[in-house]
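J.: Just one file: my_file.cif, with mmCIF, C-alpha atoms.
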```
data_data
loop_
_atom_site.label_atom_id
_atom_site.label_comp_id
_atom_site.auth_asym_id
_atom_site.auth_seq_id
_atom_site.Cartn_x
_atom_site.Cartn_y
_atom_site.Cartn_z
CA MET F 19 162.90 80.23 -30.58
CA ALA F 20 159.13 79.76 -30.85
CA SER F 21 156.87 82.70 -30.05
CA GLU F 22 154.72 82.64 -26.94
CA ILE F 23 151.72 84.62 -25.82
CA LYS F 24 151.05 84.63 -22.09
CA VAL F 25 147.83 86.23 -20.85
CA ASP F 26 145.54 85.92 -17.87
CA THR F 27 142.40 87.10 -19.66
CA ILE F 28 141.25 87.47 -23.26
CA VAL F 29 138.91 90.42 -23.78
CA ASN F 30 137.04 91.75 -26.79
CA ALA F 31 137.63 95.19 -28.31
CA GLY F 32 135.09 96.73 -25.92
CA GLY F 33 137.03 95.41 -22.92
CA ASP F 34 134.50 92.73 -21.95
CA ASN F 35 135.77 89.22 -21.28
CA ASP F 36 132.42 87.54 -22.03
CA THR F 37 133.19 87.02 -25.71
CA GLY F 38 136.03 84.50 -25.42
CA ILE F 39 137.01 83.11 -28.80
CA ASP F 40 134.60 84.23 -31.51
CA LEU F 41 134.60 81.89 -34.51
CA ALA F 42 133.45 82.76 -37.98
CA THR F 43 131.13 80.28 -39.72
CA ASN F 44 133.83 78.03 -41.17
CA ASP F 45 136.50 78.48 -38.49
CA GLN F 46 137.52 75.90 -35.92
CA ILE F 47 139.67 75.67 -32.82
CA LEU F 48 142.54 73.19 -32.94
CA LEU F 49 144.51 72.06 -29.90
CA LYS F 50 147.82 70.61 -31.01
CA VAL F 51 150.61 68.82 -29.18
CA ALA F 52 153.92 68.39 -31.03
CA ASN F 53 152.13 69.72 -34.14
CA ALA F 54 149.55 66.87 -34.03
CA THR F 55 145.90 67.88 -33.60
CA LYS F 56 144.47 66.41 -30.37
CA LEU F 57 141.15 68.32 -30.18
CA THR F 58 139.00 70.09 -32.76
CA MET F 59 135.94 72.28 -32.14
CA ASN F 60 134.04 73.78 -35.05
CA SER F 61 131.82 76.86 -35.06
CA THR F 62 128.70 74.77 -34.24
CA GLY F 63 130.33 73.37 -31.09
CA GLN F 64 130.92 69.87 -32.45
CA THR F 65 134.03 68.64 -30.68
CA THR F 66 136.26 65.67 -31.49
CA ILE F 67 139.18 64.48 -29.43
CA VAL F 68 141.92 61.93 -30.09
CA GLY F 69 141.11 58.63 -28.36
CA GLU F 70 143.22 56.64 -25.93
CA GLY F 71 145.20 54.85 -28.65
CA GLY F 72 146.28 58.15 -30.19
CA THR F 73 145.17 57.41 -33.75
CA THR F 74 141.36 57.63 -33.85
CA THR F 75 139.05 60.45 -32.86
CA THR F 76 135.88 60.40 -30.82
CA SER F 77 132.97 62.85 -30.93
CA VAL F 78 132.62 64.28 -27.45
CA GLN F 79 128.87 64.88 -27.88
CA GLN F 80 128.20 61.31 -29.03
CA GLY F 81 130.03 59.82 -26.05
CA LEU F 82 128.22 61.75 -23.34
CA ALA F 83 125.26 60.35 -21.40
CA LYS F 84 122.24 62.46 -22.32
CA TYR F 85 120.20 61.23 -19.35
CA TRP F 86 120.81 59.26 -16.15
CA THR F 87 119.08 58.63 -12.86
CA GLN F 88 119.15 56.61 -9.69
CA PHE F 89 115.83 56.32 -7.88
CA ASN F 90 114.24 54.48 -4.96
CA GLY F 91 111.39 52.34 -6.29
CA THR F 92 109.97 51.30 -2.90
CA SER F 93 107.27 52.98 -0.78
CA THR F 94 107.23 56.58 -1.99
CA VAL F 95 109.15 56.48 -5.26
CA ALA F 96 111.80 59.19 -5.25
CA THR F 97 114.78 60.27 -7.32
CA VAL F 98 118.10 60.00 -5.47
CA ASP F 99 120.04 61.89 -8.15
CA SER F 100 119.64 62.51 -11.87
CA PHE F 101 120.66 64.44 -14.97
CA ASN F 102 118.13 65.72 -17.56
CA GLN F 103 115.18 64.21 -15.70
CA GLY F 104 111.86 65.99 -16.02
CA GLY F 105 109.77 63.57 -13.97
CA LEU F 106 109.42 60.11 -12.46
CA THR F 107 106.03 58.38 -12.36
CA ASP F 108 105.15 55.25 -10.36
CA ASN F 109 102.72 53.32 -12.59
CA GLY F 110 102.31 50.50 -10.06
CA THR F 111 104.49 47.74 -8.65
CA GLY F 112 107.82 47.66 -10.50
CA ASN F 113 106.56 49.90 -13.33
CA TYR F 114 108.00 53.40 -13.80
CA THR F 115 107.88 56.08 -16.49
CA ILE F 116 110.64 58.67 -16.64
CA SER F 117 110.40 61.87 -18.66
CA TYR F 118 113.30 63.96 -19.90
CA THR F 119 113.81 67.69 -19.44
CA ASN F 120 115.38 67.83 -22.91
CA ASN F 121 113.93 65.27 -25.32
CA MET F 122 115.86 62.81 -27.42
CA ASN F 123 116.00 63.37 -31.19
CA ASN F 124 114.35 59.99 -31.89
CA ASN F 125 113.53 56.74 -30.08
CA ASP F 126 116.61 54.91 -31.42
CA PHE F 127 118.73 55.70 -28.35
CA SER F 128 120.56 53.19 -26.19
CA ALA F 129 119.52 52.70 -22.56
CA THR F 130 121.30 50.68 -19.89
CA THR F 131 119.47 49.74 -16.70
CA GLY F 132 120.23 48.11 -13.38
CA THR F 133 118.78 47.43 -9.95
CA LYS F 134 120.05 46.40 -6.55
CA THR F 135 118.61 42.86 -6.47
CA HIS F 136 116.18 42.26 -9.36
CA GLU F 137 116.00 42.35 -13.15
CA GLU F 138 115.03 45.46 -15.02
CA MET F 139 113.90 45.87 -18.60
CA ILE F 140 112.84 48.69 -20.85
CA GLU F 141 109.16 48.35 -21.70
CA ALA F 142 108.72 51.35 -24.01
CA VAL F 143 110.76 54.25 -25.38
CA ALA F 144 109.74 57.56 -26.89
CA THR F 145 111.53 60.82 -27.59
CA SER F 146 110.28 62.26 -24.28
CA THR F 147 110.03 59.19 -21.99
CA VAL F 148 111.27 55.74 -21.15
CA GLN F 149 109.28 53.10 -19.25
CA LEU F 150 111.02 50.56 -16.98
CA LEU F 151 109.80 47.33 -15.45
CA THR F 152 111.50 45.71 -12.44
CA MET F 153 110.90 41.97 -12.01
CA ASN F 154 111.93 39.01 -9.92
CA SER F 155 113.32 35.84 -11.51
CA SER F 156 109.76 34.54 -12.07
CA GLY F 157 108.88 37.60 -14.19
CA THR F 158 106.57 39.16 -11.59
CA ASN F 159 106.84 42.93 -11.18
CA VAL F 160 108.47 43.95 -7.88
CA ASP F 161 109.72 47.18 -6.37
CA ASP F 162 113.45 47.61 -5.80
CA ALA F 163 115.24 50.12 -3.56
CA ILE F 164 117.93 51.02 -6.09
CA ASN F 165 117.09 51.52 -9.78
CA SER F 166 119.36 53.09 -12.38
CA ILE F 167 119.22 53.99 -16.06
CA ILE F 168 121.67 55.71 -18.42
CA VAL F 169 120.68 56.89 -21.91
CA HIS F 170 123.04 57.60 -24.81
CA GLY F 171 121.83 59.04 -28.09
CA ASP F 172 121.14 62.35 -29.81
CA LEU F 173 119.24 65.18 -28.12
CA ALA F 174 116.52 66.93 -30.12
#
```
Let's see the structure in the file written out as structure tokens.
T.:
Amino acid sequence: MASEIKVDTIVNAGGDNDTGIDLATNDQILLKVANATKLTMNSTGQTTIVGEGGTTTTSVQQGLAKYWTQFNGTSTVATVDSFNQGGLTDNGTGNYTISYTNNMNNNDFSATTGTKTHEEMIEAVATSTVQLLTMNSSGTNVDDAINSIIVHGDLA
């Protein structure tokens, strides 16, 4: 029979439960099912998990959106909801600059945009900002009620 440990709380030697699992420099946490590793976390927090097919792994950090927003670009421009957004600036009709709370590592990130009824394009990227333009089919800048952007890449 296999051994089992059943506990409600893990505490450190001092009795505090704020330590959790304390890894040494080269240690890692492995989560296994039927003796096959499904999740690995190393001492720096880098985490990989087995993908949907069961044979390849995916870096959790690389797959997460590092920034996203939805904002109203008409009248008084305002953020509806966001993650990692430091600011939203209305530069004029259909022209917006968004700053991040936590900067990107470089300007080689991927950004996906969308609007309710018009076309949107990325005008400029930097480690701390991204600039969006919203246009009609003729290429003239217009305001749109629903604007979205998602950014994937590495945080600084």
J.: Could you please determine the separation between atom CA of F:Gln64 and atom CA of F:Asn125 in Å, to one decimal place?
T.: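 Interatomic distance here is 21.9 Å.
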J.: Can you work out which one of F:Met59, F:Val78, F:Val169, F:Val98 has the shortest atom-to-atom distance to F:Ser146, counting all atoms listed in the file?
T.: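 Among the listed residues, F:Val169 lies closest to F:Ser146.
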J.: One decimal, Å: what's the distance from atom CA of F:Thr66 over to atom CA of F:Ala52, could you say?
T.: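 The value is 17.9 Å.
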J.: Taking all atoms of stretch 88-106 of chain F that the file lists, what box with edges along x, y and z, padded by 6 Å per side, do you get, with centre and edge lengths in Å to one decimal, as lines of an AutoDock Vina configuration file?
T.:
```
center_x = 113.9
center_y = 58.6
center_z = -9.2
size_x = 25.4
size_y = 26.7
size_z = 28.8
```
J.: In Å to one decimal, how far is atom CA of F:Asn124 from atom CA of F:Asn165?
T.: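 Spanning atom CA of F:Asn165 to atom CA of F:Asn124 is a straight-line distance of 23.8 Å.
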J.: Calculated over only C-alpha atoms, which of the candidates F:Asn102, F:Thr92, F:Asn53, F:Asn154 has the smallest distance to F:Thr119?
T.: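 Going through F:Asn102, F:Thr92, F:Asn53, F:Asn154 one by one, the smallest distance to F:Thr119 is for F:Asn102.
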J.: For F:Phe89, please output as a PyMOL selection string all residues within 8 Å (counting only C-alpha atoms; exclusion window: fewer than 6 positions along the same chain).
T.: chain F and resi 95-99+163-166
J.: So what does the PyMOL selection byres ((chain F and resi 118) around 9) actually pick up in this one, as a ChimeraX atom specification?
T.: /F:85,101-105,116-117,119-122,145-148
J.: Please produce a file of those selected residues containing C-alpha atoms, as an mmCIF file, in the coordinates of the input.
T.:
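Okay, part.cif is ready:
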```
data_model
loop_
_atom_site.group_PDB
_atom_site.id
_atom_site.type_symbol
_atom_site.label_atom_id
_atom_site.label_comp_id
_atom_site.auth_asym_id
_atom_site.auth_seq_id
_atom_site.Cartn_x
_atom_site.Cartn_y
_atom_site.Cartn_z
ATOM 1 C CA TYR F 85 120.200 61.230 -19.350
ATOM 2 C CA PHE F 101 120.660 64.440 -14.970
ATOM 3 C CA ASN F 102 118.130 65.720 -17.560
ATOM 4 C CA GLN F 103 115.180 64.210 -15.700
ATOM 5 C CA GLY F 104 111.860 65.990 -16.020
ATOM 6 C CA GLY F 105 109.770 63.570 -13.970
ATOM 7 C CA ILE F 116 110.640 58.670 -16.640
ATOM 8 C CA SER F 117 110.400 61.870 -18.660
ATOM 9 C CA THR F 119 113.810 67.690 -19.440
ATOM 10 C CA ASN F 120 115.380 67.830 -22.910
ATOM 11 C CA ASN F 121 113.930 65.270 -25.320
ATOM 12 C CA MET F 122 115.860 62.810 -27.420
ATOM 13 C CA THR F 145 111.530 60.820 -27.590
ATOM 14 C CA SER F 146 110.280 62.260 -24.280
ATOM 15 C CA THR F 147 110.030 59.190 -21.990
ATOM 16 C CA VAL F 148 111.270 55.740 -21.150
#
```
